[in-house]
4 protein chains.
Amino acid sequence: MADAQKLARRVAEKLHAGERTSTAYDIELVDAGEGFARASMVVTEEMLNGLEVCHGGVIFLLADTAFAWACNSRNVATFAQAGSISFISMAQKGETLIAEAREEASQGRTGVYVVSVKSGSRVVAMFQGLSRTKGGAVVEE
Amino acid sequence: MADAQKLARRVAEKLHAGERTSTAYDIELVDAGEGFARASMVVTEEMLNGLEVCHGGVIFLLADTAFAWACNSRNVATFAQAGSISFISMAQKGETLIAEAREEASQGRTGVYVVSVKSGSRVVAMFQGLSRTKGGAVVEE
Amino acid sequence: MADAQKLARRVAEKLHAGERTSTAYDIELVDAGEGFARASMVVTEEMLNGLEVCHGGVIFLLADTAFAWACNSRNVATFAQAGSISFISMAQKGETLIAEAREEASQGRTGVYVVSVKSGSRVVAMFQGLSRTKGGAVVEE
Amino acid sequence: MADAQKLARRVAEKLHAGERTSTAYDIELVDAGEGFARASMVVTEEMLNGLEVCHGGVIFLLADTAFAWACNSRNVATFAQAGSISFISMAQKGETLIAEAREEASQGRTGVYVVSVKSGSRVVAMFQGLSRTKGGAVVEE
């Protein structure tokens, strides 16, 4: 179990290091485990839309990033096939958003993940992702 | 009709000008009309994930941007309530992606839009968005 | 708290009694609480498609039914605005399916619910629903 | 081309004949072609929910049925992997609903279909489906 957690963490760190999008928006890896990941991001000026709130596309990007870490956590290369997001409340400049992804189902090459995006206890968005295993390792074991 | 097109264009230009995300990723306004919009973006180094292809979150952001222009095109402030995206093919660095949003239905305060994201004739992703009218104008008429 | 549970139960019973679809497919109300509901259904001959497995539309119907009970559980009339379902495994004739709906977020008039549909511990489908409060009571208090 | 249309029609007829759900709800095959299908259904007493309007699950079932015919139209067995529906307007008892499915994208084993469900010119729901090719024929050629 401890090994599974360590492996998940190494996978997330490897993916995180390769994501230029995480660099651009300063997305941080908070936590990672088997079928699980948590990412954080502070809403900055660069993420705003014309209504002066965080662009929905950036919120999706954060959720999708946590989803990618979670669905690759067993070190089998996996990609996102589809994602659905519902926007619940606006996120303002300066707020810290936490995206938490957890596996809800896994069968054969298909997985389903739910990701919540929150600011404190307030829900900003809910995301559901469908993943498909491609095969191959993400990091060397 | 010509006036409706001009108004839609002005609305899209106003939204586009305010989007820091469009500046960051060099998203261009190609075309806009009533219930319709087209946006383009070249995949750059900054958009890549650890697999060296365009991050799905950036593709969603492009689709969501065209969706926002289209659902605001009648100059009634409208926001995205939900979006679903299916990823069909990978987008590589250097490719030009075109997102084309069109209104499929509008009833009361609810609208449904379909957005295709293509590289040439190849479909990269399909998006469906649900919008909700908030009221108020985007630009002065 | 006990009162909230009783009220949720009464609401679910009222909705259930009015659903001709629940009668047609013998959908049973297993449990209901605040922001929560559980429905069950046995896959019968009438639910099969040409591939001799349960039609995806019937699985959606079961999930949507549990979702409706959960999002109305506080006795404020609420309707489904959108739903996304991912099909994970096939359901065969004779299997008992359990749909369990739980509230993930609620903000103003908008709610997000996740519904799992399982046969034993095997996940058949995952559903995410977006609800919108209409107002008015479902049952007299 | 004429042959492709005839094949699509034969596939849809075969699937339709096997669907007990289509029998139960009297779903009719209106038209079928390559990457395309149209189904109709009259809203009856049996489809109503407690609010005396057509249950969303039945509307999804109709859309999903047209989707299945369209994504199998080239006579390669294909199944629905995911579906998203947005409900736009209520459907009343006695109304005739037409679901029209069209292919928006197809790449490798993945396809994306958009289905509109209308009563006359009024949109009742919009559906987006993700399909995955399984292989094998539906009808003998």
# chains A, B, ... in the order shown; residues from 1 in each chain; ligands from 1

$ interface_residues --of "chain D" --to "chain A" --cutoff "9 Å" --atoms "only C-alpha atoms" --output "VMD selection string"
chain D and resid 82 84 130

$ select_by_dssp --residues "chain A" --states "alpha helix (DSSP H)" --output "ChimeraX atom specification"
/A:2-18,20-24,56-71

$ write_last_selection --atoms "C-alpha atoms" --output "compact mmCIF listing (two decimals), in the first residue's frame"
# COMPACT_ATOMS: atom_id res chain seq x y z
CA ALA A 2 2.77 2.39 0.95
CA ASP A 3 4.48 1.41 -2.27
CA ALA A 4 1.34 2.12 -4.31
CA GLN A 5 1.22 5.60 -2.79
CA LYS A 6 4.88 6.24 -3.54
CA LEU A 7 4.47 5.06 -7.11
CA ALA A 8 1.39 7.26 -7.61
CA ARG A 9 3.35 10.20 -6.27
CA ARG A 10 6.28 9.57 -8.62
CA VAL A 11 3.93 9.29 -11.60
CA ALA A 12 2.18 12.55 -10.72
CA GLU A 13 5.53 14.30 -10.24
CA LYS A 14 6.72 13.07 -13.63
CA LEU A 15 3.54 14.23 -15.41
CA HIS A 16 3.54 17.52 -13.51
CA ALA A 17 7.15 18.23 -14.50
CA GLY A 18 6.28 17.75 -18.18
CA ARG A 20 3.98 23.36 -19.60
CA THR A 21 0.38 24.27 -18.69
CA SER A 22 1.14 23.61 -15.02
CA THR A 23 4.14 25.89 -15.26
CA ALA A 24 2.15 28.60 -17.04
CA GLY A 56 -14.15 28.36 -17.23
CA GLY A 57 -11.52 26.88 -19.52
CA VAL A 58 -8.84 27.41 -16.88
CA ILE A 59 -11.01 25.73 -14.23
CA PHE A 60 -11.47 22.78 -16.60
CA LEU A 61 -7.71 22.69 -17.16
CA LEU A 62 -7.08 22.44 -13.42
CA ALA A 63 -9.66 19.64 -13.01
CA ASP A 64 -8.32 17.82 -16.07
CA THR A 65 -4.79 18.01 -14.66
CA ALA A 66 -5.77 16.34 -11.37
CA PHE A 67 -7.76 13.77 -13.39
CA ALA A 68 -4.67 12.94 -15.49
CA TRP A 69 -2.54 12.36 -12.39
CA ALA A 70 -5.20 10.15 -10.78
CA CYS A 71 -5.91 7.99 -13.83

$ select_by_dssp --residues "stretch 15-65 of chain C" --states "strand (DSSP E or B)" --output "ChimeraX atom specification"
/C:28-33,36-42,48,54

$ write_last_selection --atoms "C-alpha atoms" --output "short mmCIF file (atom, residue, chain, number, x, y, z; two decimals), in the first residue's frame"
data_model
loop_
_atom_site.label_atom_id
_atom_site.label_comp_id
_atom_site.auth_asym_id
_atom_site.auth_seq_id
_atom_site.Cartn_x
_atom_site.Cartn_y
_atom_site.Cartn_z
CA GLU C 28 -38.12 0.28 -6.35
CA LEU C 29 -37.39 2.97 -3.82
CA VAL C 30 -34.74 1.47 -1.57
CA ASP C 31 -33.73 4.47 0.49
CA ALA C 32 -33.91 8.26 0.56
CA GLY C 33 -32.42 11.00 2.68
CA PHE C 36 -29.48 11.21 -1.29
CA ALA C 37 -31.52 8.35 -2.81
CA ARG C 38 -31.19 4.70 -3.78
CA ALA C 39 -33.27 2.91 -6.42
CA SER C 40 -33.21 -0.70 -7.58
CA MET C 41 -34.38 -2.53 -10.71
CA VAL C 42 -34.06 -6.08 -11.99
CA LEU C 48 -32.91 -5.72 -23.63
CA CYS C 54 -29.78 -4.04 -21.01
#

$ closest_residue --among "B:His55, B:Lys93, B:Arg122, B:Arg132" --to "B:Ala105" --atoms "only C-alpha atoms"
B:Arg132

$ atom_distance --atom1 "atom CA of A:Leu51" --atom2 "atom CA of B:Tyr113"
20.3 Å

$ closest_residue --among "A:Arg109, A:Arg102, A:Lys134, A:Lys118" --to "A:Ala77" --atoms "only C-alpha atoms"
A:Lys134

$ atom_distance --atom1 "atom CA of A:Glu141" --atom2 "atom CA of B:Val53"
24.0 Å

$ atom_distance --atom1 "atom CA of A:Gly120" --atom2 "atom CA of A:Leu97"
7.7 Å

$ residues_around --residues "A:Val117" --least-positions-apart "5" --cutoff "7 Å" --atoms "only C-alpha atoms" --output "ChimeraX atom specification"
/A:63,97-100,123-126

$ write_last_selection --atoms "C-alpha atoms" --output "PDB file, in the first residue's frame"
ATOM      1  CA  ALA A  63      -9.659  19.641 -13.015  1.00  0.00           C
ATOM      2  CA  LEU A  97      -8.669  26.557  -6.009  1.00  0.00           C
ATOM      3  CA  ILE A  98      -8.195  22.918  -5.017  1.00  0.00           C
ATOM      4  CA  ALA A  99      -9.073  20.177  -7.508  1.00  0.00           C
ATOM      5  CA  GLU A 100      -9.502  16.730  -5.976  1.00  0.00           C
ATOM      6  CA  VAL A 123     -17.747  24.252  -4.762  1.00  0.00           C
ATOM      7  CA  VAL A 124     -16.664  26.071  -7.925  1.00  0.00           C
ATOM      8  CA  ALA A 125     -17.121  23.208 -10.391  1.00  0.00           C
ATOM      9  CA  MET A 126     -17.746  19.458 -10.616  1.00  0.00           C
TER      10      MET A 126
END

$ closest_residue --among "A:Ala91, A:Ala137, A:Val76, A:Val115" --to "A:Glu45" --atoms "only C-alpha atoms"
A:Ala91
